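Q: Sharing data-v9.txt (compact mmCIF, C-alpha atoms) below.
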# COMPACT_ATOMS: atom_id res chain seq x y z
CA MET V 19 -173.66 -50.55 -39.77
CA ALA V 20 -176.89 -48.75 -40.54
CA GLU V 21 -176.86 -44.97 -40.36
CA ASN V 22 -179.44 -42.22 -39.88
CA LYS V 23 -181.58 -44.24 -37.52
CA LEU V 24 -183.03 -41.26 -35.70
CA THR V 25 -185.34 -38.45 -36.81
CA ASP V 26 -186.04 -34.95 -35.56
CA LYS V 27 -189.27 -36.31 -34.11
CA HIS V 28 -187.22 -38.70 -31.96
CA LEU V 29 -185.08 -35.85 -30.68
CA ARG V 30 -188.03 -33.58 -29.94
CA GLY V 31 -189.53 -36.34 -27.84
CA LEU V 32 -186.44 -36.89 -25.71
CA LYS V 33 -186.93 -36.07 -22.04
CA PRO V 34 -184.15 -36.00 -19.45
CA GLY V 35 -184.43 -38.65 -16.75
CA PRO V 36 -182.72 -39.30 -13.44
CA SER V 37 -179.60 -40.67 -15.14
CA GLU V 38 -177.58 -40.10 -18.31
CA LYS V 39 -178.67 -42.04 -21.40
CA THR V 40 -177.31 -42.45 -24.96
CA LEU V 41 -178.85 -43.20 -28.33
CA GLY V 42 -177.04 -44.28 -31.50
CA ASP V 43 -177.79 -42.73 -34.89
CA GLY V 44 -175.33 -45.08 -36.63
CA GLY V 45 -172.05 -44.36 -38.37
CA GLY V 46 -170.42 -43.50 -35.05
CA LEU V 47 -172.81 -40.62 -34.24
CA TRP V 48 -174.25 -40.76 -30.76
CA ILE V 49 -176.72 -38.61 -28.81
CA ARG V 50 -176.14 -38.14 -25.09
CA VAL V 51 -178.98 -36.92 -22.88
CA MET V 52 -177.80 -35.54 -19.55
CA PRO V 53 -179.89 -36.17 -16.41
CA ALA V 54 -182.38 -33.54 -15.30
CA ASP V 55 -180.36 -32.55 -12.24
CA LYS V 56 -177.44 -31.69 -14.55
CA GLY V 57 -179.43 -29.54 -16.93
CA GLY V 58 -180.88 -32.19 -19.26
CA SER V 59 -178.85 -31.01 -22.28
CA ILE V 60 -178.67 -33.10 -25.46
CA ASN V 61 -175.27 -33.46 -27.10
CA PHE V 62 -174.10 -34.99 -30.40
CA TYR V 63 -170.70 -36.69 -30.54
CA TYR V 64 -168.77 -38.82 -33.00
CA ARG V 65 -167.11 -41.89 -31.45
CA PHE V 66 -164.14 -43.32 -33.31
CA GLN V 67 -160.87 -45.22 -32.91
CA PHE V 68 -157.54 -43.45 -33.43
CA GLY V 69 -154.12 -44.82 -32.58
CA GLY V 70 -155.72 -47.82 -30.90
CA LYS V 71 -157.76 -45.66 -28.51
CA GLU V 72 -161.40 -44.60 -28.44
CA ARG V 73 -161.90 -40.88 -29.10
CA ARG V 74 -164.92 -38.59 -29.02
CA TYR V 75 -165.44 -35.56 -31.21
CA ASN V 76 -168.07 -32.98 -30.23
CA CYS V 77 -170.63 -32.35 -33.00
CA GLY V 78 -172.79 -29.79 -31.20
CA ASN V 79 -175.78 -29.48 -28.86
CA TYR V 80 -179.43 -29.96 -29.77
CA PRO V 81 -181.52 -27.96 -30.68
CA ASP V 82 -178.90 -25.27 -31.51
CA THR V 83 -177.32 -27.87 -33.79
CA SER V 84 -179.78 -29.77 -35.96
CA LEU V 85 -179.58 -33.51 -36.55
CA ALA V 86 -178.60 -32.88 -40.18
CA THR V 87 -175.77 -30.54 -39.17
CA ALA V 88 -174.50 -33.02 -36.59
CA ARG V 89 -174.38 -35.73 -39.27
CA GLN V 90 -172.47 -33.41 -41.60
CA ARG V 91 -169.90 -32.70 -38.88
CA ARG V 92 -169.62 -36.45 -38.22
CA ASN V 93 -168.96 -37.03 -41.92
CA GLU V 94 -166.22 -34.37 -41.98
CA ALA V 95 -164.58 -35.81 -38.86
CA ARG V 96 -164.82 -39.34 -40.27
CA GLN V 97 -163.08 -38.18 -43.45
CA MET V 98 -160.24 -36.73 -41.35
CA VAL V 99 -159.81 -40.02 -39.51
CA ALA V 100 -159.67 -41.83 -42.85
CA THR V 101 -156.77 -39.60 -43.91
CA GLY V 102 -154.88 -40.06 -40.63
CA VAL V 103 -155.94 -36.82 -38.91
CA ASP V 104 -157.38 -36.79 -35.41
CA PRO V 105 -160.31 -34.27 -35.57
CA VAL V 106 -160.12 -33.63 -31.82
CA VAL V 107 -156.45 -32.62 -32.04
CA LYS V 108 -157.07 -30.58 -35.19
CA GLU V 109 -159.87 -28.63 -33.53
CA ALA V 110 -157.66 -27.87 -30.51
CA ASN V 111 -154.86 -26.71 -32.81
CA ASP V 112 -157.25 -24.53 -34.80
CA ARG V 113 -158.53 -22.97 -31.58
CA ALA V 114 -155.00 -22.23 -30.41
CA ALA V 115 -154.11 -20.73 -33.78
CA ASN V 116 -157.20 -18.52 -33.62
CA THR V 117 -156.23 -17.36 -30.14
CA SER V 118 -152.73 -16.55 -31.41
CA SER V 119 -154.21 -14.64 -34.33
CA GLN V 120 -156.35 -12.61 -31.96
CA ALA V 121 -153.30 -11.90 -29.81
CA LEU V 122 -151.38 -10.77 -32.87
CA ALA V 123 -154.32 -8.58 -33.87
CA GLN V 124 -154.18 -7.00 -30.42
CA LEU V 125 -150.52 -6.24 -30.98
CA GLU V 126 -151.42 -4.48 -34.24
CA LYS V 127 -153.40 -1.81 -32.41
CA THR V 128 -152.23 1.79 -32.70
CA VAL V 129 -151.31 4.08 -29.83
CA ASN V 130 -154.68 5.80 -30.34
CA ASP V 131 -156.37 2.41 -29.92
CA LEU V 132 -154.35 1.82 -26.76
CA PHE V 133 -155.42 5.16 -25.31
CA ASP V 134 -159.07 4.50 -26.20
CA ASP V 135 -158.89 1.13 -24.41
CA TRP V 136 -157.27 2.72 -21.35
CA LYS V 137 -159.94 5.41 -21.27
CA ARG V 138 -162.80 2.91 -21.68
CA VAL V 139 -161.55 0.43 -19.09
CA TYR V 140 -159.87 2.65 -16.50
CA LEU V 141 -160.11 6.42 -16.88
CA THR V 142 -163.88 6.73 -17.21
CA ALA V 143 -164.37 4.56 -14.13
CA HIS V 144 -161.62 5.85 -11.84
CA ARG V 145 -161.12 9.53 -12.67
CA LYS V 146 -163.59 12.09 -11.38
CA ASP V 147 -163.63 13.93 -14.72
CA GLY V 148 -163.96 10.68 -16.68
CA GLY V 149 -160.41 11.08 -17.95
CA GLY V 150 -161.04 14.46 -19.55
CA PHE V 151 -157.87 16.07 -18.22
CA VAL V 152 -155.66 13.15 -19.23
CA GLU V 153 -157.30 13.07 -22.66
CA SER V 154 -156.55 16.76 -23.18
CA ILE V 155 -152.87 16.08 -22.42
CA TYR V 156 -152.85 13.13 -24.80
CA ASP V 157 -154.63 15.01 -27.60
CA HIS V 158 -152.29 17.99 -27.41
CA ASP V 159 -148.90 16.41 -26.75
CA VAL V 160 -149.01 12.73 -27.74
CA ARG V 161 -151.61 12.04 -30.42
CA PRO V 162 -149.96 14.25 -33.11
CA PHE V 163 -146.63 12.39 -32.75
CA LEU V 164 -147.44 8.80 -31.78
CA GLY V 165 -151.16 8.32 -32.36
CA GLN V 166 -150.97 6.45 -35.68
CA MET V 167 -148.00 4.25 -34.73
CA LYS V 168 -148.56 0.63 -33.77
CA ALA V 169 -148.37 0.56 -29.99
CA LYS V 170 -145.97 -2.41 -30.06
CA ASP V 171 -143.54 -0.46 -32.26
CA VAL V 172 -143.12 2.49 -29.87
CA LYS V 173 -139.61 2.55 -28.44
CA LEU V 174 -137.77 4.77 -25.96
CA PRO V 175 -136.52 7.20 -28.68
CA HIS V 176 -140.13 7.92 -29.65
CA ILE V 177 -140.96 8.75 -26.01
CA VAL V 178 -137.88 10.98 -25.79
CA HIS V 179 -138.99 12.80 -28.95
CA VAL V 180 -142.35 13.64 -27.37
CA ILE V 181 -140.69 14.84 -24.16
CA ASP V 182 -138.12 16.91 -26.08
CA LYS V 183 -140.92 18.76 -27.86
CA LEU V 184 -142.17 19.87 -24.45
CA LEU V 185 -138.72 20.80 -23.20
CA ASP V 186 -138.27 22.95 -26.31
CA ARG V 187 -141.34 24.87 -25.12
CA ASN V 188 -139.81 25.12 -21.62
CA VAL V 189 -142.81 23.43 -19.99
CA ARG V 190 -140.93 21.08 -17.74
CA ARG V 191 -143.77 20.29 -15.37
CA LYS V 192 -145.93 19.41 -18.37
CA ALA V 193 -143.15 17.12 -19.60
CA ASN V 194 -143.34 15.18 -16.35
CA MET V 195 -147.12 14.97 -16.63
CA VAL V 196 -146.91 13.63 -20.19
CA LEU V 197 -144.27 11.06 -19.17
CA SER V 198 -146.49 9.91 -16.30
CA THR V 199 -149.48 9.67 -18.64
CA LEU V 200 -147.55 7.59 -21.17
CA ARG V 201 -146.17 5.31 -18.46
CA GLN V 202 -149.63 4.61 -17.02
CA MET V 203 -151.07 4.02 -20.50
CA PHE V 204 -148.38 1.54 -21.57
CA ARG V 205 -148.56 -0.34 -18.27
CA HIS V 206 -152.29 -0.68 -18.89
CA GLY V 207 -151.40 -2.03 -22.33
CA LEU V 208 -149.06 -4.61 -20.77
CA ALA V 209 -151.79 -5.84 -18.45
CA ARG V 210 -154.26 -6.07 -21.35
CA GLY V 211 -151.90 -7.81 -23.76
CA LEU V 212 -151.85 -4.85 -26.16
CA VAL V 213 -148.07 -4.33 -25.91
CA GLU V 214 -145.18 -6.53 -24.83
CA THR V 215 -142.95 -3.89 -23.23
CA ASP V 216 -143.19 -0.48 -21.57
CA PRO V 217 -141.10 1.93 -23.69
CA THR V 218 -141.06 4.58 -20.92
CA LEU V 219 -139.05 2.44 -18.48
CA GLY V 220 -135.69 3.92 -19.47
CA LEU V 221 -136.77 7.51 -18.80
CA SER V 222 -137.21 9.05 -15.35
CA LYS V 223 -138.73 12.38 -14.35
CA LYS V 224 -135.24 13.61 -13.57
CA GLN V 225 -134.35 13.04 -17.22
CA ALA V 226 -137.61 14.54 -18.47
CA GLY V 227 -138.89 17.68 -16.75
CA GLY V 228 -136.58 17.42 -13.76
CA LYS V 229 -137.36 17.33 -10.08
CA GLU V 230 -140.45 19.37 -9.24
CA THR V 231 -140.42 21.75 -6.33
CA PRO V 232 -143.62 22.87 -4.61
CA VAL V 233 -145.05 26.09 -6.03
CA GLU V 234 -144.81 28.88 -3.50
CA ARG V 235 -146.19 31.82 -5.49
CA ASN V 236 -148.61 33.96 -3.54
CA LEU V 237 -149.56 37.59 -3.93
CA SER V 238 -148.55 40.26 -1.47
CA LEU V 239 -151.07 42.88 -0.34
CA GLU V 240 -149.39 45.36 -2.67
CA GLU V 241 -149.73 42.94 -5.57
CA ILE V 242 -153.44 42.56 -4.80
CA LYS V 243 -153.71 46.32 -5.33
CA GLU V 244 -151.80 45.88 -8.62
CA LEU V 245 -154.20 43.12 -9.58
CA ALA V 246 -157.18 45.41 -9.06
CA ARG V 247 -155.62 48.04 -11.32
CA GLY V 248 -154.72 45.44 -13.91
CA LEU V 249 -158.19 43.92 -13.99
CA ALA V 250 -159.69 47.33 -14.63
CA GLY V 251 -157.79 47.56 -17.92
CA SER V 252 -157.67 43.88 -18.83
CA GLY V 253 -160.83 43.69 -20.89
CA LEU V 254 -161.95 40.65 -18.93
CA HIS V 255 -165.68 40.03 -18.75
CA PRO V 256 -167.09 41.14 -15.38
CA ARG V 257 -167.98 37.52 -14.65
CA MET V 258 -164.33 36.51 -14.99
CA THR V 259 -163.21 39.40 -12.79
CA ALA V 260 -165.76 38.41 -10.14
CA GLY V 261 -164.50 34.84 -10.39
CA ILE V 262 -160.92 35.91 -9.69
CA TRP V 263 -162.01 37.88 -6.62
CA LEU V 264 -164.17 34.98 -5.42
CA ILE V 265 -161.25 32.55 -5.54
CA LEU V 266 -159.15 35.04 -3.62
CA ALA V 267 -161.92 35.65 -1.06
CA THR V 268 -162.90 32.01 -0.51
CA GLY V 269 -159.79 29.96 -1.28
CA ALA V 270 -161.88 27.69 -3.50
CA ARG V 271 -160.19 25.74 -6.25
CA VAL V 272 -160.81 26.93 -9.81
CA GLY V 273 -162.73 23.79 -10.73
CA GLU V 274 -164.87 24.01 -7.59
CA LEU V 275 -165.89 27.55 -8.48
CA LEU V 276 -166.56 26.98 -12.18
CA ASN V 277 -168.67 23.88 -11.42
CA ALA V 278 -170.65 25.61 -8.67
CA GLU V 279 -174.43 25.85 -9.02
CA TRP V 280 -176.69 28.54 -7.65
CA ALA V 281 -178.41 25.80 -5.66
CA HIS V 282 -175.18 25.42 -3.68
CA VAL V 283 -175.18 29.11 -2.66
CA ASN V 284 -177.43 30.66 0.01
CA MET V 285 -177.14 34.43 -0.04
CA GLU V 286 -179.34 34.82 3.04
CA THR V 287 -177.31 32.55 5.30
CA ARG V 288 -174.17 33.65 3.45
CA GLU V 289 -173.00 30.09 2.80
CA TRP V 290 -171.60 28.23 -0.18
CA ARG V 291 -171.73 24.47 0.17
CA ILE V 292 -169.39 22.61 -2.18
CA PRO V 293 -170.70 19.04 -2.66
CA ALA V 294 -168.31 16.12 -2.45
CA THR V 295 -168.73 15.52 -6.18
CA ASN V 296 -167.25 18.96 -6.93
CA ALA V 297 -164.49 18.94 -4.29
CA LYS V 298 -161.08 17.79 -5.46
CA ASN V 299 -160.57 15.63 -2.37
CA GLY V 300 -164.10 14.22 -2.48
CA ARG V 301 -165.02 15.87 0.84
CA ALA V 302 -167.99 18.26 1.04
CA HIS V 303 -167.00 21.74 2.18
CA LEU V 304 -168.74 24.78 3.67
CA ILE V 305 -167.47 28.27 2.85
CA HIS V 306 -168.79 31.23 4.83
CA LEU V 307 -169.29 34.17 2.50
CA SER V 308 -167.86 37.50 3.58
CA ASN V 309 -169.38 40.82 2.53
CA PHE V 310 -166.72 41.00 -0.16
CA ALA V 311 -167.60 37.55 -1.51
CA ILE V 312 -171.31 38.43 -1.52
CA GLN V 313 -170.52 41.50 -3.64
CA GLN V 314 -168.87 39.28 -6.26
CA LEU V 315 -171.82 36.89 -6.27
CA GLU V 316 -174.14 39.83 -6.85
CA VAL V 317 -172.11 40.64 -9.96
CA LEU V 318 -172.55 37.06 -11.15
CA GLN V 319 -176.27 37.21 -10.40
CA SER V 320 -176.65 40.09 -12.80
CA TYR V 321 -175.42 37.77 -15.58
CA ARG V 322 -177.21 34.66 -14.33
CA ASP V 323 -178.30 32.29 -17.09
CA GLY V 324 -179.13 28.80 -15.91
CA ALA V 325 -178.16 26.64 -12.96
CA TYR V 326 -174.42 27.39 -12.91
CA LEU V 327 -172.61 30.43 -11.53
CA PHE V 328 -170.46 30.22 -14.65
CA ALA V 329 -172.56 28.80 -17.47
CA GLY V 330 -170.65 27.56 -20.49
CA ARG V 331 -171.63 27.81 -24.14
CA SER V 332 -174.78 25.97 -23.14
CA LYS V 333 -176.52 27.23 -20.02
CA ASP V 334 -177.03 23.59 -19.03
CA GLN V 335 -173.26 23.03 -18.77
CA PRO V 336 -170.62 24.78 -16.63
CA MET V 337 -167.77 26.74 -18.10
CA SER V 338 -164.65 24.73 -18.88
CA ASP V 339 -162.24 24.42 -15.94
CA LYS V 340 -159.52 25.88 -18.15
CA ALA V 341 -161.41 28.95 -19.36
CA LEU V 342 -160.48 31.23 -16.46
CA SER V 343 -156.85 30.12 -16.37
CA LYS V 344 -156.49 30.66 -20.12
CA ALA V 345 -158.05 34.12 -19.89
CA VAL V 346 -155.60 35.11 -17.15
CA ARG V 347 -152.64 33.54 -18.93
CA ASP V 348 -153.42 35.46 -22.13
CA ARG V 349 -153.18 38.70 -20.15
CA ILE V 350 -149.88 37.76 -18.50
CA ARG V 351 -147.87 36.53 -21.48
CA GLU V 352 -145.46 38.97 -23.13
CA VAL V 353 -146.68 38.54 -26.71
CA PRO V 354 -150.39 38.03 -27.51
CA LEU V 355 -151.38 34.88 -29.38
CA LYS V 356 -153.13 35.06 -32.73
CA ARG V 357 -156.90 35.42 -32.53
CA ARG V 358 -156.69 35.98 -28.76
CA THR V 359 -156.88 39.14 -26.67
CA ALA V 360 -154.41 41.92 -27.39
CA LYS V 361 -154.34 42.83 -23.67
CA ALA V 362 -151.07 40.99 -23.05
CA GLN V 363 -149.17 41.83 -19.82
CA THR V 364 -152.12 43.72 -18.31
CA LEU V 365 -152.24 41.19 -15.45
CA LEU V 366 -148.49 40.69 -15.08
CA LEU V 367 -147.61 41.69 -11.51
CA SER V 368 -144.40 43.00 -9.99
CA GLY V 369 -143.77 39.65 -8.32
CA GLY V 370 -143.90 37.85 -11.65
CA GLU V 371 -146.34 35.49 -13.30
CA TRP V 372 -149.23 33.98 -11.36
CA SER V 373 -152.19 31.70 -11.91
CA PRO V 374 -155.71 31.59 -10.45
CA HIS V 375 -154.67 28.69 -8.21
CA ASP V 376 -152.06 30.97 -6.61
CA LEU V 377 -154.96 33.05 -5.26
CA ARG V 378 -155.94 30.13 -3.03
CA ARG V 379 -152.41 30.03 -1.63
CA THR V 380 -152.52 33.82 -1.29
CA MET V 381 -155.62 33.66 0.92
CA ALA V 382 -153.98 31.08 3.17
CA SER V 383 -150.73 33.05 3.44
CA ARG V 384 -152.37 36.39 4.13
CA MET V 385 -154.78 34.84 6.67
CA GLY V 386 -151.69 33.62 8.47
CA ASP V 387 -150.27 37.13 8.40
CA LEU V 388 -153.50 38.35 10.01
CA GLY V 389 -153.05 35.92 12.90
CA VAL V 390 -155.54 33.23 11.87
CA ALA V 391 -154.55 29.92 13.44
CA PRO V 392 -152.98 27.36 11.06
CA HIS V 393 -155.56 24.66 11.85
CA VAL V 394 -158.37 27.10 11.04
CA ILE V 395 -156.74 28.02 7.73
CA GLU V 396 -156.41 24.31 6.87
CA ARG V 397 -160.13 23.81 7.41
CA CYS V 398 -160.93 26.96 5.41
CA LEU V 399 -159.06 25.31 2.53
CA ASN V 400 -160.84 21.96 3.07
CA HIS V 401 -157.52 20.25 3.68
CA ILE V 402 -157.67 16.82 5.30
CA GLN V 403 -155.15 16.49 8.12
CA GLN V 404 -152.90 13.45 7.82
CA GLY V 405 -151.57 10.97 10.35
CA ILE V 406 -152.68 10.56 13.94
CA VAL V 407 -153.92 14.15 14.12
CA GLY V 408 -156.30 13.52 11.23
CA VAL V 409 -157.64 10.39 12.92
CA TYR V 410 -158.44 11.94 16.30
CA GLN V 411 -159.06 15.61 15.59
CA ARG V 412 -162.23 16.02 13.55
CA GLN V 413 -163.29 19.49 14.70
CA GLU V 414 -164.86 21.68 12.03
CA TYR V 415 -164.08 25.04 13.74
CA LEU V 416 -167.13 26.58 12.07
CA LEU V 417 -167.21 29.71 14.25
CA GLU V 418 -163.49 30.30 13.75
CA ARG V 419 -163.73 29.69 10.00
CA LYS V 420 -166.62 32.12 9.64
CA ALA V 421 -164.63 34.77 11.50
CA ALA V 422 -161.54 34.07 9.39
CA PHE V 423 -163.41 34.43 6.09
CA GLN V 424 -164.99 37.69 7.20
CA LEU V 425 -161.66 38.98 8.51
CA TRP V 426 -160.05 38.26 5.16
CA GLY V 427 -162.99 39.70 3.20
CA THR V 428 -162.87 42.92 5.19
CA THR V 429 -159.12 43.11 4.61
CA LEU V 430 -159.70 42.83 0.85
CA GLU V 431 -162.32 45.59 0.99
CA ASN V 432 -159.89 47.86 2.81
CA ILE V 433 -157.08 47.09 0.34
CA LEU V 434 -159.21 47.83 -2.70
CA ASP V 435 -160.86 50.92 -1.20
CA PRO V 436 -158.26 52.89 0.77
CA SER V 437 -160.88 55.53 1.57
CA ARG V 438 -162.76 52.95 3.57
CA THR V 439 -161.72 53.53 7.19
CA PRO V 440 -164.03 51.53 9.46
CA ASN V 441 -164.20 52.19 13.16
CA ALA V 442 -162.94 49.02 14.77
CA ALA V 443 -164.86 49.70 17.95
CA ASN V 444 -168.25 49.87 16.22
CA ASP V 445 -167.84 48.09 12.88
CA THR V 446 -168.36 44.32 13.17
CA ASN V 447 -166.76 43.95 9.74
CA ALA V 448 -163.49 45.43 10.89
CA PRO V 449 -160.51 43.04 11.04
CA GLU V 450 -159.97 43.76 14.73
CA HIS V 451 -163.44 42.41 15.53
CA HIS V 452 -162.72 38.97 14.08
CA TRP V 453 -159.06 38.46 14.88
CA ALA V 454 -159.59 37.23 18.45
CA ILE V 455 -162.07 34.61 17.27
CA ALA V 456 -160.03 33.34 14.32
CA ARG V 457 -156.68 33.13 16.10
CA VAL V 458 -155.61 30.30 18.41
CA ALA V 459 -157.81 30.29 21.51
Is it possible to express this structure as structure tokens?
A:
Amino acid sequence: MAENKLTDKHLRGLKPGPSEKTLGDGGGLWIRVMPADKGGSINFYYRFQFGGKERRYNCGNYPDTSLATARQRRNEARQMVATGVDPVVKEANDRAANTSSQALAQLEKTVNDLFDDWKRVYLTAHRKDGGGFVESIYDHDVRPFLGQMKAKDVKLPHIVHVIDKLLDRNVRRKANMVLSTLRQMFRHGLARGLVETDPTLGLSKKQAGGKETPVERNLSLEEIKELARGLAGSGLHPRMTAGIWLILATGARVGELLNAEWAHVNMETREWRIPATNAKNGRAHLIHLSNFAIQQLEVLQSYRDGAYLFAGRSKDQPMSDKALSKAVRDRIREVPLKRRTAKAQTLLLSGGEWSPHDLRRTMASRMGDLGVAPHVIERCLNHIQQGIVGVYQRQEYLLERKAAFQLWGTTLENILDPSRTPNAANDTNAPEHHWAIARVA
């Protein structure tokens, strides 16, 4: 049978019609032209007999595959048939083998590769900080021990080793956080075909850091006086000191304060509006600024450099969320760390260790002592009520919240300046003036 009947000119002149049509090039090579309503594509295929049945082997699509290339593929397939090999079956087997090789290559990925995939696919899309907090945990407590291992080779003893390192440091809550991080990461790996098992399954929180109990630390009024004395000798930058007082005065979360912009603060209306993007619960929040809070903002204004209340190393970026907590921690610990402040224990209080987040709890607790209604305190903290109450009761209690913040601010002023003795009958900043508004009506 004659071969090579067609030319490129023939192919260039082919136009799709209303129905499928075929042309023979000879030697078993055929050209199929699909109808216009099905795309009009032009396909090369080799038609042959194998095992008593007609078979078709795909040789490519025109013009991506040239006529010469299609003929070469036909020749190779024809040679296989001559030696007793079905080219269609061989191609399917090769494709399956390639898929298996890719799967094996996936299983050769390291733990670092697994984390990078988890971050790219999930963390950056679903965590407000883009996975920054989780990555800091991984970098500090996992990467040094497991990072270079093949993810598929990690077993339970390796996980236990990582957790034991944390228990040796007596950071049990951190141990639970690391275990949770590893568990989420390996489950992501299972779903993505990067690992075949989850090595954390045999370890529970009870066996890692132990059962966690809610933190109840809050400062008494006497400890707030101690804090003032400690801050005076702590060597903290005035900005940091103002930040500590602002958290105590407003009940804001550390991250909400350090990410705050001057555009969010109105000194004239005495309001700080936390946008939903900065709020931990994703709900915008209004804080009424007491005289005491305004005084702290005035301190920050004197150091203002850029858009943020707390500019970082670059004035275009906020200070790290951990900066304030680290500065406080360095001044609480018993022994100073190398190349850190020597002012250890200057902020250690009689009630024991504390953290900036405890100041938020302190505000809530002391507001309660002053008679502020619980539902007003909850709204001052931007808590979202749960259950049926949260569905039907959407009051903002703005008047009551404003009174509560001023009541608490005035209380702080009186604590820190014992000589300040306002006349409750005439001073609208006196606690007695606000108590009736802030308490349950």
Q: Separation of CA of Ser222 in chain V and CA of Asp157 in chain V, in Å?
A: 22.1 Å
Q: Which residue gives the smallest distance to Ala267 in chain V among V:Thr429, V:Asn188, V:Thr199, V:Thr359, with only C-alpha atoms counted?
A: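 Comparing V:Thr429, V:Asn188, V:Thr199, V:Thr359 against Ala267 in chain V, the winner is V:Thr429.
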Q: From the set V:Ala345, V:Ala226, V:Val283, V:Leu184, which residue has the shortest atom-to-atom contact distance to Ser252 in chain V, counting all atoms listed in the file?
A: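 Closest residue, counting all atoms listed in the file: V:Ala345.
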Q: Record the distance separating CA of Glu234 in chain V and CA of Leu355 in chain V, expressed in Å with one decimal.
A: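 Between CA of Glu234 in chain V and CA of Leu355 in chain V the gap works out to 27.4 Å.
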Q: Between V:Pro81, V:Leu47, V:Ala86, V:Ile242, which is the closest to Gly31 in chain V once you count all atoms listed in the file?
A: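 Among the listed residues, V:Pro81 lies closest to Gly31 in chain V.
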Q: Could you work out how far CA of Lys137 in chain V lies from CA of Tyr156 in chain V, giving the answer in Å with one decimal?
A: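 Rounded to one decimal, the two atoms are 11.1 Å apart.
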Q: Write out as a ChimeraX atom specification the residues lying within 8 Å of Ile395 in chain V, counting only C-alpha atoms and excluding same-chain residues fewer than 5 positions away.
A: /V:382,385-386,390,419,422
Q: Could you pull out every residue with an atom within 12 Å of (-157.5, 35.0, 0.6), file coordinates, counting all atoms listed in the file, and send them as a ChimeraX atom specification?
A: /V:236-239,242,262-271,307-308,310-311,374-388,390,395,398-399,422-431
Q: Which of these, V:Ala302, V:Arg73, V:Asn22, V:Asn61, has the shortest distance to Gln90 in chain V once you count all atoms listed in the file?
A: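 Of V:Ala302, V:Arg73, V:Asn22, V:Asn61, the one nearest Gln90 in chain V, counting all atoms listed in the file, is V:Asn22.
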